[in-house]
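K.L.:
Mind having a look at this structure? Questions to follow.
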Amino acid sequence: MQPILVFIETSQCEIKKPSLETLSEARRIADNIKAEVVSLVVGDNVSPFAKEISSCSPDKVLLVESPDFKEVITTTYVRALLEALNKINPLVLLLSATPFGKDLAGLLSAELKTSAIQDCISISYEQGSFIAKKPVYAGKAIITVKVIKTPAIITLRPKVFKLSVAEPKNVIIEKISVNLGADDRRIKQKEVVKSAQKKVELTEADIIVSGGRGMKQPENFRILEELATLLNAAVGASRAAVDSGWRPHSDQVGQTGKTVCPTLYIACGISGAIQHLAGMSSSKCIVAINKDPDAPIFKVANYGLVGDLFEVVPSFLQELKKTT
Amino acid sequence: MNIITCVKRVPSTETNIKIAKDGKSLEQTGVEYILSPFDEIALEEALRIKERFGGGEVIALTVGPAESATTLRTCLAMGADKAIHIKDTEAYKRDPFAIGSALASVIKGLQYNLILCGKQAVDDDNAQVGSILSRLLNIPFVGLITKLEISDNKATVHREISGGYEVLEVSLPAVFSAQKGLNEPRYPSLKGIMSAKKKPFEEKIVNFEASSLEILKMEYPPSRPAGRIVGKGVEAVPELVKLLKEEAKII
Ligand SMILES: Cc1cc2nc3c(=O)[nH]c(=O)nc-3n(C[C@H](O)[C@H](O)[C@H](O)COP(=O)(O)OP(=O)(O)OC[C@H]3O[C@@H](n4cnc5c(N)ncnc54)[C@H](O)[C@@H]3O)c2cc1C
Ligand SMILES: Nc1ncnc2c1ncn2[C@@H]1O[C@H](COP(=O)(O)O)[C@@H](O)[C@H]1O
């Protein structure tokens, strides 16, 4: 059986957690079909990651380690991935469906004259083909797709696949070298700008506290931020809050924002328009706080609380502090 | 500056999705179609660049059925100079590589400095036609841009990354995909709508690559339990916290 190749995404000296979820899923499939799991790590100074990855039980780690890959840029990373694909000729390439993973998947599919399936929520290997389920229309429907060509290129949605970690063990590490051409340097990274507070990434957060037009003013988001800090949550927003300029665009949840599936989504002053629901209704548990008992958000809320958020949220915060 | 924007016709985001009898596709009756929101942002950016540089041409290009002509007319009304329609009744079934190849085959015959796409079409959410297109044309691709500046045949773009953004410098021509925040798209003016009728509108037929993906089934997402109201006002807060702890076991 041909192996399964998993791309491990790293940033700023850390492995991105969705990559480890992807690796865990690769292990489960590989065990079913008796295939090997090969993971690929690319970057400058990434050897130390091999050990961390070993806790997700790959059979082998391919390392592309060179200052050429210090900046995480698609053009150069595509080269590294092509090198790995050529070397091991896998059944499937799995990446996590982060923005970078999705861009790589698209670029590679063109190289291999195939198409990637992005943002999958389940995958299986049946009768010689990969079959994946993927949300469409921002989650208003789900399609089951069969891949006709090999290798399949599939990206897995963060927070959907279970992370399984075992004791780190020794894995085979193999270094490969990649030569870059002038064409691979047509994109140059000039600067990385991080927002001042270290934020939990919306699509990777276990808990999201989201605010809508009902927040009335940008300053009022302070109470949501306080709640988020207590719960180690990310702060999201409806489009109304974003379009009012209260929150950055990157915080928008919904069909034209982020699709999220946290364990807990707390919607404050959000009515629950269809475009908003599309982006968050696969959350495991939804709490809605809204003063209008007829707001559509209550139709999807596991726990709805009718009331003025400016009273309810602070009281919720106090109650949580009491008990945690 | 000649700029090509790739645009797609998609069901309005207000649409309640109904699955057709074949169990694999969208039931068409009653569905209203719009220009995909991110493509609207891409087109707006193209128009702004053209206005800034005071010259060149903005072309709107689509692959789609006869009805996609309406989408292209919207683009012309917004201010695009020319529309190209790759006509294909089977477009909804094609995979991203087939769509990207069709776009590339037509683009190869055009003069361009820049290609703009949406970050994803809000129907299939494939998020890859732009990147595929860039490889087929052998030019760079940057996805999710929130700012674009051009000088000396180079573009400086902001790209959204986790917890912030990165600034990238890219040689042109290149393909960029538009993320929300890049701009606020304009509405077509009455004058725009009138002049759209007189603008060049080309139709093309191309051969498509065979699909590497096959859709087996379309289904509804698992339904959620019916919503439940815990109570009213601050009095209900202790109960809510108790439920989250003891029933949902989340916090
Ligand atoms: C093409 C397109 C794409 C879109 N994409 C998105 C998207 O990705 N994401 C998105 O969110 N929207 C999207 N929308 C917009 C969507 O249709 C709604 O307009 C938007 O979600 C409404 O935001 P909201 O719920 O914050 O505001 P509103 O609908 O105005 O709701 C505010 C709610 O706050 C409640 N409230 C007010 N004061 C209080 C208080 N003191 N205490 C408690 N509750 C209070 C009110 O009862 C009300 O229910 C899109 C629209 C279009 C046309
Ligand atoms: N049929 C199409 N015709 C023209 N452009 C398209 C088509 N499909 C996708 N695109 C472009 O590619 C982007 C990404 O689409 P997708 O990969 O389908 O999510 C869209 O925002 C469009 O800019």
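Chain labels run A, B, ... following the order of the structure tokens; each chain numbers its residues from 1, and ligands are numbered from 1 in the order shown.
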May I have the residues within 7 Å of ligand 2, computed using only C-alpha atoms and all ligand atoms, as a list in words?
P.N.:
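Those residues are Thr5, Cys6, Val7, Lys8, Ser36, Phe38, Asp39, Leu61, Thr62, Val63, Gly64, Ala91, Pro96, Ile99, Leu103, Leu116, Cys117, Gly118, Lys119, Gln120, Ala121, Val122, Asp124, Asp125, Asn126, Ala127, Gln128, Val129 and Gly130 of chain B.
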K.L.:
Can you pull out every residue with an atom within 9 Å of ligand 1? Use only C-alpha atoms and all ligand atoms and format it as a PyMOL selection string.
P.N.:
(chain A and resi 211-216+237-242+252-259+267-279+289-297+306-312) or (chain B and resi 12-14+34+36-37)
K.L.:
Find the residues around Leu317 in chain A up to 10 Å (only C-alpha atoms counted), leave out those fewer than 4 positions away in its own chain, and share them as a list of chain:residue names.
P.N.:
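Close residues of Leu317 in chain A: A:Ile223, A:Leu224, A:Glu226, A:Leu227, A:Ala228, A:Leu230, A:Leu231, A:Val312, A:Val313, A:Lys321, A:Lys322, B:Val237, B:Val241.
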K.L.:
Would you kindly return, as number ranges by chain, each protein, DNA or RNA residue with an atom no farther than 8 Å from any atom of range 81-96 of chain A, considering only C-alpha atoms and excluding same-chain residues fewer than 2 positions away?
P.N.:
A: 2-8, 18-19, 22, 26, 40, 62, 77-79, 98, 101-102, 105, 108, 119, 150-158, 178
K.L.:
Using only C-alpha atoms, find which residues of chain B lie within 7 Å of chain A and jot them down as a ChimeraX atom specification.
P.N.:
/B:13-14,17,95-97,122-126,128,131-132,135-136,140,143,162-171,180-181,212-221,224,226-234,237-238,241
K.L.:
Considering only C-alpha atoms, state which residue in the set A:Ile208, A:Cys120, A:Val37, A:Leu20 is at the smallest distance from Asp59 in chain A.
P.N.:
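Answer, going by the shortest atom-to-atom distance: A:Val37.
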K.L.:
Restricting the calculation to only C-alpha atoms, which member of A:Asn32, A:Leu23, A:Pro58, A:Cys13 is positioned closest to Glu71 in chain A?
P.N.:
A:Cys13
K.L.:
Would you list the contacts of Phe69 in chain A as a PyMOL selection string, taking every protein, DNA or RNA residue within 6 Å and counting only C-alpha atoms, but skipping same-chain residues closer than 3 positions in sequence?
P.N.:
chain A and resi 43-44+66
K.L.:
I need the chosen residues saved as a PDB file, in the first residue's frame, with all heavy atoms.
P.N.:
```pdb
ATOM      1  N   GLY A  43      10.940  24.085   7.056  1.00  0.00           N
ATOM      2  CA  GLY A  43      11.251  25.348   7.725  1.00  0.00           C
ATOM      3  C   GLY A  43      12.729  25.481   8.006  1.00  0.00           C
ATOM      4  O   GLY A  43      13.540  24.669   7.568  1.00  0.00           O
ATOM      5  N   ASP A  44      13.031  26.539   8.735  1.00  0.00           N
ATOM      6  CA  ASP A  44      14.396  26.765   9.159  1.00  0.00           C
ATOM      7  C   ASP A  44      14.466  26.241  10.586  1.00  0.00           C
ATOM      8  O   ASP A  44      13.668  26.637  11.407  1.00  0.00           O
ATOM      9  CB  ASP A  44      14.654  28.282   9.126  1.00  0.00           C
ATOM     10  CG  ASP A  44      16.086  28.621   9.472  1.00  0.00           C
ATOM     11  OD1 ASP A  44      16.952  27.749   9.323  1.00  0.00           O
ATOM     12  OD2 ASP A  44      16.325  29.767   9.891  1.00  0.00           O
ATOM     13  N   SER A  66      16.068  24.371   5.983  1.00  0.00           N
ATOM     14  CA  SER A  66      17.009  25.297   5.342  1.00  0.00           C
ATOM     15  C   SER A  66      16.523  26.727   5.561  1.00  0.00           C
ATOM     16  O   SER A  66      15.313  26.975   5.651  1.00  0.00           O
ATOM     17  CB  SER A  66      17.083  24.972   3.844  1.00  0.00           C
ATOM     18  OG  SER A  66      17.224  26.147   3.085  1.00  0.00           O
TER      19      SER A  66
END
```
K.L.:
Check the smallest atom-to-atom distance from each of A:Val209, A:Val171, A:Val160, A:Val41 to Val64 in chain A using only C-alpha atoms, then report the winner.
P.N.:
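The closest residue to Val64 in chain A is A:Val41.
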K.L.:
DSSP on the backbone: which residues in range 87-180 of chain B end up as strand (DSSP E)? Give the answer as a PyMOL selection string.
P.N.:
chain B and resi 87+114-118+141-151+154-161+164-171+174-178
K.L.:
At what distance in Å, to one decimal, does CA of Tyr125 in chain A lie from CA of Glu25 in chain A?
P.N.:
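These atoms are spaced 12.0 Å apart.
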K.L.:
Mind checking DSSP for range 67-162 of chain A and telling me the helix (DSSP H, G or I) residues as a PyMOL selection string?
P.N.:
chain A and resi 67-69+74-88+99-111+137-139
K.L.:
How would the residues just picked look written out with N, CA, C and O atoms as a compact mmCIF listing (two decimals), in the first residue's frame?
P.N.:
```txt
# COMPACT_ATOMS: atom_id res chain seq x y z
N PRO A 67 17.45 27.67 5.65
CA PRO A 67 17.05 29.08 5.81
C PRO A 67 16.15 29.56 4.66
O PRO A 67 15.42 30.54 4.82
N ASP A 68 16.20 28.84 3.53
CA ASP A 68 15.31 29.18 2.41
C ASP A 68 13.84 29.15 2.80
O ASP A 68 12.99 29.75 2.14
N PHE A 69 13.54 28.39 3.86
CA PHE A 69 12.14 28.19 4.23
C PHE A 69 11.77 28.89 5.53
O PHE A 69 10.79 28.56 6.18
N THR A 74 3.97 30.37 0.19
CA THR A 74 3.46 29.27 -0.62
C THR A 74 4.43 28.82 -1.72
O THR A 74 4.65 27.63 -1.90
N THR A 75 5.00 29.77 -2.46
CA THR A 75 5.81 29.40 -3.63
C THR A 75 6.95 28.45 -3.28
O THR A 75 7.22 27.50 -4.01
N THR A 76 7.65 28.72 -2.16
CA THR A 76 8.77 27.86 -1.80
C THR A 76 8.27 26.56 -1.18
O THR A 76 8.79 25.48 -1.48
N TYR A 77 7.24 26.65 -0.37
CA TYR A 77 6.72 25.44 0.28
C TYR A 77 6.13 24.45 -0.73
O TYR A 77 6.18 23.24 -0.54
N VAL A 78 5.56 24.99 -1.80
CA VAL A 78 5.04 24.10 -2.86
C VAL A 78 6.17 23.24 -3.41
O VAL A 78 6.00 22.04 -3.66
N ARG A 79 7.34 23.85 -3.61
CA ARG A 79 8.51 23.09 -4.10
C ARG A 79 8.82 21.93 -3.16
O ARG A 79 9.08 20.82 -3.60
N ALA A 80 8.85 22.23 -1.86
CA ALA A 80 9.18 21.20 -0.88
C ALA A 80 8.15 20.06 -0.92
O ALA A 80 8.50 18.88 -0.89
N LEU A 81 6.89 20.45 -1.05
CA LEU A 81 5.84 19.43 -1.09
C LEU A 81 5.95 18.57 -2.36
O LEU A 81 5.75 17.37 -2.32
N LEU A 82 6.27 19.22 -3.48
CA LEU A 82 6.40 18.46 -4.72
C LEU A 82 7.53 17.45 -4.62
O LEU A 82 7.42 16.31 -5.08
N GLU A 83 8.61 17.89 -3.98
CA GLU A 83 9.76 17.01 -3.78
C GLU A 83 9.33 15.77 -2.97
O GLU A 83 9.64 14.64 -3.33
N ALA A 84 8.59 16.02 -1.90
CA ALA A 84 8.13 14.92 -1.04
C ALA A 84 7.15 14.02 -1.80
O ALA A 84 7.21 12.78 -1.70
N LEU A 85 6.27 14.62 -2.57
CA LEU A 85 5.29 13.83 -3.32
C LEU A 85 6.00 12.91 -4.31
O LEU A 85 5.67 11.73 -4.45
N ASN A 86 7.01 13.47 -4.99
CA ASN A 86 7.76 12.67 -5.96
C ASN A 86 8.49 11.53 -5.29
O ASN A 86 8.60 10.43 -5.82
N LYS A 87 9.00 11.84 -4.12
CA LYS A 87 9.82 10.86 -3.42
C LYS A 87 9.01 9.67 -2.92
O LYS A 87 9.43 8.53 -3.08
N ILE A 88 7.86 9.94 -2.34
CA ILE A 88 7.16 8.82 -1.70
C ILE A 88 5.89 8.37 -2.43
O ILE A 88 5.29 7.38 -2.06
N PRO A 99 -5.74 28.71 6.26
CA PRO A 99 -5.56 29.48 5.02
C PRO A 99 -4.33 29.03 4.23
O PRO A 99 -4.39 28.88 3.01
N PHE A 100 -3.21 28.79 4.92
CA PHE A 100 -2.00 28.37 4.22
C PHE A 100 -2.16 26.97 3.62
O PHE A 100 -1.81 26.73 2.47
N GLY A 101 -2.76 26.07 4.39
CA GLY A 101 -2.98 24.70 3.91
C GLY A 101 -3.87 24.69 2.68
O GLY A 101 -3.62 23.96 1.71
N LYS A 102 -4.90 25.53 2.68
CA LYS A 102 -5.82 25.55 1.54
C LYS A 102 -5.14 26.12 0.30
O LYS A 102 -5.36 25.65 -0.82
N ASP A 103 -4.31 27.15 0.50
CA ASP A 103 -3.59 27.71 -0.65
C ASP A 103 -2.63 26.68 -1.24
O ASP A 103 -2.57 26.50 -2.47
N LEU A 104 -1.91 25.98 -0.36
CA LEU A 104 -0.98 24.95 -0.85
C LEU A 104 -1.74 23.87 -1.62
O LEU A 104 -1.30 23.41 -2.67
N ALA A 105 -2.88 23.45 -1.07
CA ALA A 105 -3.66 22.39 -1.70
C ALA A 105 -4.06 22.78 -3.12
O ALA A 105 -3.97 21.98 -4.05
N GLY A 106 -4.48 24.02 -3.29
CA GLY A 106 -4.87 24.49 -4.62
C GLY A 106 -3.70 24.52 -5.58
O GLY A 106 -3.78 24.06 -6.72
N LEU A 107 -2.58 25.07 -5.11
CA LEU A 107 -1.39 25.18 -5.97
C LEU A 107 -0.90 23.79 -6.39
O LEU A 107 -0.55 23.57 -7.55
N LEU A 108 -0.92 22.86 -5.44
CA LEU A 108 -0.45 21.51 -5.76
C LEU A 108 -1.41 20.78 -6.69
O LEU A 108 -0.99 20.02 -7.55
N SER A 109 -2.70 21.04 -6.51
CA SER A 109 -3.63 20.32 -7.38
C SER A 109 -3.41 20.72 -8.83
O SER A 109 -3.50 19.88 -9.73
N ALA A 110 -3.06 21.98 -9.06
CA ALA A 110 -2.78 22.38 -10.44
C ALA A 110 -1.55 21.65 -10.97
O ALA A 110 -1.53 21.18 -12.11
N GLU A 111 -0.53 21.52 -10.13
CA GLU A 111 0.69 20.82 -10.55
C GLU A 111 0.38 19.37 -10.92
O GLU A 111 0.99 18.81 -11.82
N TYR A 137 -22.14 25.67 0.65
CA TYR A 137 -23.03 26.77 1.04
C TYR A 137 -22.82 27.11 2.52
O TYR A 137 -23.78 27.24 3.29
N ALA A 138 -21.55 27.19 2.89
CA ALA A 138 -21.16 27.52 4.27
C ALA A 138 -21.84 26.64 5.31
O ALA A 138 -22.16 27.08 6.40
N GLY A 139 -22.07 25.39 4.95
CA GLY A 139 -22.60 24.46 5.95
C GLY A 139 -24.11 24.25 5.86
O GLY A 139 -24.67 23.51 6.64
```
K.L.:
Any idea what the distance is between CA of Leu163 in chain A and CA of Leu240 in chain B?
P.N.:
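So the two atoms, CA of Leu163 in chain A and CA of Leu240 in chain B, lie 29.1 Å apart.
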